[in-house]
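See below for input.txt, which holds compact mmCIF, C-alpha atoms.
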```txt
# COMPACT_ATOMS: atom_id res chain seq x y z
CA GLU A 1 152.13 64.96 69.68
CA LYS A 2 151.60 64.96 65.93
CA ASN A 3 148.03 66.36 66.08
CA ILE A 4 149.13 69.65 67.65
CA PRO A 5 149.52 72.17 64.80
CA ASN A 6 152.57 74.44 64.58
CA GLU A 7 150.37 77.52 64.98
CA ALA A 8 148.24 78.47 67.99
CA CYS A 9 145.51 76.04 68.99
CA ILE A 10 143.03 75.40 71.75
CA ILE A 11 143.50 72.02 73.41
CA VAL A 12 140.18 70.77 74.79
CA ALA A 13 140.04 67.72 77.07
CA ASN A 14 137.66 65.82 79.29
CA HIS A 15 138.49 66.24 82.96
CA GLN A 16 138.79 63.25 85.33
CA SER A 17 141.40 64.27 87.92
CA SER A 18 143.51 67.07 89.32
CA LEU A 19 146.50 65.66 87.42
CA ASP A 20 144.97 65.85 83.93
CA GLY A 21 147.00 68.90 82.95
CA LEU A 22 150.21 67.09 83.84
CA PHE A 23 149.14 64.02 81.89
CA ILE A 24 148.46 66.16 78.81
CA MET A 25 151.74 68.06 79.10
CA SER A 26 153.68 64.79 79.49
CA LYS A 27 152.56 63.77 75.99
CA MET A 28 153.51 67.06 74.29
CA ARG A 29 156.72 67.91 72.46
CA HIS A 30 158.88 70.47 74.27
CA ARG A 31 158.16 73.23 71.72
CA ALA A 32 154.41 72.87 72.21
CA TYR A 33 154.77 72.38 75.96
CA LYS A 34 156.64 75.64 76.55
CA ASN A 35 154.08 77.57 74.46
CA THR A 36 151.00 76.27 76.27
CA TYR A 37 148.87 77.98 78.91
CA PHE A 38 146.18 76.55 81.17
CA PHE A 39 142.78 78.09 81.84
CA ALA A 40 141.81 77.24 85.44
CA LYS A 41 139.31 78.14 88.14
CA GLU A 42 140.81 80.51 90.67
CA LYS A 43 139.11 78.69 93.55
CA HIS A 44 141.49 75.74 93.09
CA TRP A 45 144.48 78.05 93.52
CA LYS A 46 143.55 79.54 96.91
CA SER A 47 146.82 79.80 98.81
CA LYS A 48 149.31 82.59 98.21
CA LEU A 49 151.88 80.02 97.15
CA MET A 50 149.53 78.48 94.58
CA LYS A 51 148.56 81.91 93.20
CA PHE A 52 152.24 82.85 92.99
CA MET A 53 152.96 79.61 91.10
CA ALA A 54 150.10 80.32 88.70
CA ARG A 55 151.38 83.84 87.99
CA LYS A 56 154.96 82.63 87.46
CA ASN A 57 153.87 79.79 85.22
CA THR A 58 151.45 79.51 82.36
CA VAL A 59 148.15 79.42 84.24
CA ILE A 60 145.34 81.90 83.55
CA LEU A 61 143.07 81.99 86.59
CA MET A 62 139.39 82.79 86.27
CA ASP A 63 136.95 83.69 89.01
CA ILE A 64 133.74 82.08 87.75
CA ASN A 65 131.67 84.51 89.81
CA LYS A 66 133.09 87.49 87.91
CA ASP A 67 132.90 88.64 84.32
CA LEU A 68 133.96 86.02 81.78
CA LYS A 69 134.83 88.81 79.35
CA GLU A 70 138.16 89.56 81.07
CA ALA A 71 139.19 85.90 80.94
CA LEU A 72 138.25 85.69 77.25
CA GLN A 73 140.35 88.80 76.55
CA LYS A 74 143.37 87.28 78.32
CA LEU A 75 142.98 84.02 76.43
CA SER A 76 142.51 85.86 73.11
CA HIS A 77 145.72 87.80 73.71
CA ILE A 78 147.66 84.59 74.39
CA LEU A 79 146.27 82.86 71.30
CA LYS A 80 147.01 85.89 69.10
CA GLU A 81 150.64 85.64 70.27
CA GLY A 82 150.76 82.15 68.74
CA LYS A 83 150.54 80.28 72.04
CA ASN A 84 148.29 77.32 72.89
CA VAL A 85 145.64 77.17 75.58
CA ILE A 86 144.38 74.08 77.43
CA ILE A 87 140.74 74.23 78.49
CA PHE A 88 138.70 71.64 80.36
CA PRO A 89 135.25 72.68 79.09
CA GLU A 90 133.26 70.56 81.53
CA GLY A 91 134.29 73.08 84.17
CA THR A 92 134.80 70.38 86.78
CA ARG A 93 136.04 66.82 87.11
CA SER A 94 133.89 63.87 86.16
CA LYS A 95 134.68 60.27 87.15
CA HIS A 96 132.71 58.57 84.39
CA GLY A 97 131.50 59.90 81.07
CA LEU A 98 131.26 63.60 80.33
CA GLN A 99 129.42 66.58 81.68
CA GLU A 100 128.07 69.17 79.28
CA PHE A 101 130.78 71.35 77.75
CA LYS A 102 130.83 75.13 78.15
CA GLU A 103 131.21 77.20 74.95
CA THR A 104 134.32 79.18 75.96
CA PHE A 105 136.67 77.28 73.64
CA ALA A 106 134.22 77.47 70.72
CA ILE A 107 133.84 81.24 71.12
CA LEU A 108 137.62 81.66 71.01
CA SER A 109 138.11 79.21 68.15
CA LYS A 110 135.40 80.68 65.92
CA THR A 111 136.18 84.33 66.70
CA LEU A 112 139.94 83.98 66.19
CA ASP A 113 139.76 81.23 63.50
CA ILE A 114 141.98 78.94 65.57
CA PRO A 115 141.81 75.12 65.48
CA VAL A 116 140.68 73.00 68.42
CA VAL A 117 142.62 69.85 69.30
CA PRO A 118 140.31 67.42 71.15
CA VAL A 119 142.07 65.31 73.78
CA VAL A 120 140.67 62.23 75.48
CA ILE A 121 141.93 61.29 78.92
CA HIS A 122 141.06 57.85 80.23
CA GLY A 123 141.98 56.36 83.60
CA SER A 124 143.27 59.44 85.40
CA ASN A 125 140.33 59.20 87.82
CA ARG A 126 141.89 55.95 89.05
CA ALA A 127 145.29 57.62 89.44
CA ALA A 128 144.09 60.68 91.38
CA TYR A 129 140.53 61.78 91.93
CA ARG A 130 139.27 64.32 94.45
CA ARG A 131 140.90 64.48 97.87
CA VAL A 132 143.54 61.90 97.01
CA LYS A 133 146.70 62.84 98.89
CA PHE A 134 149.01 60.56 96.96
CA PRO A 135 148.40 59.48 93.37
CA ARG A 136 148.33 55.81 92.50
CA TYR A 137 151.49 55.64 90.42
CA PHE A 138 150.75 52.48 88.49
CA ALA A 139 147.18 53.23 87.45
CA PRO A 140 147.11 53.08 83.64
CA VAL A 141 146.30 56.49 82.14
CA ARG A 142 145.73 57.03 78.45
CA VAL A 143 145.95 60.43 76.74
CA GLU A 144 144.97 60.61 73.08
CA PHE A 145 145.22 63.72 70.92
CA LEU A 146 142.59 63.61 68.16
CA PRO A 147 143.03 65.42 64.82
CA PRO A 148 142.43 69.19 64.97
CA VAL A 149 138.97 70.58 64.30
CA PHE A 150 139.05 73.78 62.26
CA PRO A 151 136.11 76.17 62.64
CA SER A 152 134.14 76.46 59.42
CA GLU A 153 132.23 79.42 58.04
CA ASN A 154 128.97 77.62 58.80
CA ASP A 155 129.84 76.78 62.41
CA THR A 156 128.10 78.57 65.23
CA PHE A 157 129.60 78.59 68.72
CA GLN A 158 127.08 75.91 69.66
CA SER A 159 127.69 73.68 66.62
CA LEU A 160 131.47 73.86 67.04
CA LYS A 161 131.16 73.05 70.74
CA SER A 162 128.86 70.12 69.94
CA LYS A 163 131.17 68.77 67.24
CA VAL A 164 134.20 68.69 69.56
CA GLU A 165 132.15 67.40 72.49
CA GLN A 166 130.83 64.53 70.34
CA LEU A 167 134.32 63.53 69.18
CA ILE A 168 135.55 63.33 72.77
CA SER A 169 132.36 61.62 73.97
CA ASP A 170 132.59 58.94 71.26
CA LYS A 171 136.19 58.14 72.22
CA VAL A 172 135.39 58.09 75.96
CA GLN A 173 132.63 55.55 75.22
CA VAL A 174 135.08 53.39 73.26
CA TYR A 175 137.52 53.38 76.20
CA ASN A 176 134.72 52.64 78.66
CA GLN A 177 133.59 49.68 76.51
CA LYS A 178 137.14 48.31 76.40
CA LYS A 179 137.36 48.61 80.19
CA LYS A 180 134.19 46.49 80.59
CA GLN A 181 135.56 43.69 78.38
```
Translate the structure of the given file into structure tokens.
Amino acid sequence: EKNIPNEACIIVANHQSSLDGLFIMSKMRHRAYKNTYFFAKEKHWKSKLMKFMARKNTVILMDINKDLKEALQKLSHILKEGKNVIIFPEGTRSKHGLQEFKETFAILSKTLDIPVVPVVIHGSNRAAYRRVKFPRYFAPVRVEFLPPVFPSENDTFQSLKSKVEQLISDKVQVYNQKKKQ
């Protein structure tokens, strides 16, 4: 995808289904794909097999009941190595619209001076939402990478979070309007 810079970035997307990560990765060039990690809730990776897969692949698991500091340190280390990180800042899936974003990505972006690439996912909730055993293969899913947002000197964590959240929200509304027509 042309909007992913050649240097490290934080890819921030709305979250509609358990397959969103795969949808994002399917749109990335191989070079970006192999240098990208996921930030995920540990509770969704319960089984030993799933935890093993996470460790062997590019998934950083976080226990939301523990200290966020350790997770931020892991993510910082990955970003400093020039790798990308995908974060779903809503923290959970949402069928329609957006839930409020968490600041994690903004803290990392501002502290490390790393760009954020907003990504809008539309339609993945129709392909596979919660407790769906088999995805609906022909449900149309759209993934759009927006231009990178670079943290400015004047940005606070909150203002950077709000800026990215608004860009994604505006695009989600456009897609929702098209769906109604």
message: What does the structure give for the distance between CA of Ser162 (chain A) and CA of Val85 (chain A), in Å to one decimal?
response: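 So the two atoms, CA of Ser162 (chain A) and CA of Val85 (chain A), lie 19.1 Å apart.
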message: Nearest residue to Glu165 (chain A) out of A:Asn35, A:Asn14, A:Thr104, A:Ser76, using all atoms listed in the file?
response: A:Asn14
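Picture a line from CA of Thr111 (chain A) to CA of Leu75 (chain A); it runs 11.9 Å.
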message: Please compute the CA of Lys80 (chain A)-CA of Ser26 (chain A) distance, one decimal, in Å.
response: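 Result for CA of Lys80 (chain A) versus CA of Ser26 (chain A): 24.4 Å, one decimal.
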message: Restricting the calculation to only C-alpha atoms: of A:Val164, A:Ile10, A:Ala32, A:Ile121, which residue gets closest to Phe101 (chain A)?
response: A:Val164
- prompt: Which residue out of A:Val143, A:Ala71, A:Val172, A:Leu112 has the minimum interatomic distance to Met25 (chain A) when all atoms listed in the file are used?
  reply: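 Nearest candidate to Met25 (chain A) out of A:Val143, A:Ala71, A:Val172, A:Leu112: A:Val143.
The neighbours of Ser152 (chain A) here are the residues that come within 9 Å of it, using only C-alpha atoms and leaving out any residue fewer than 5 positions away in the same chain; they are A:Lys110, A:Asp113, A:Leu160.
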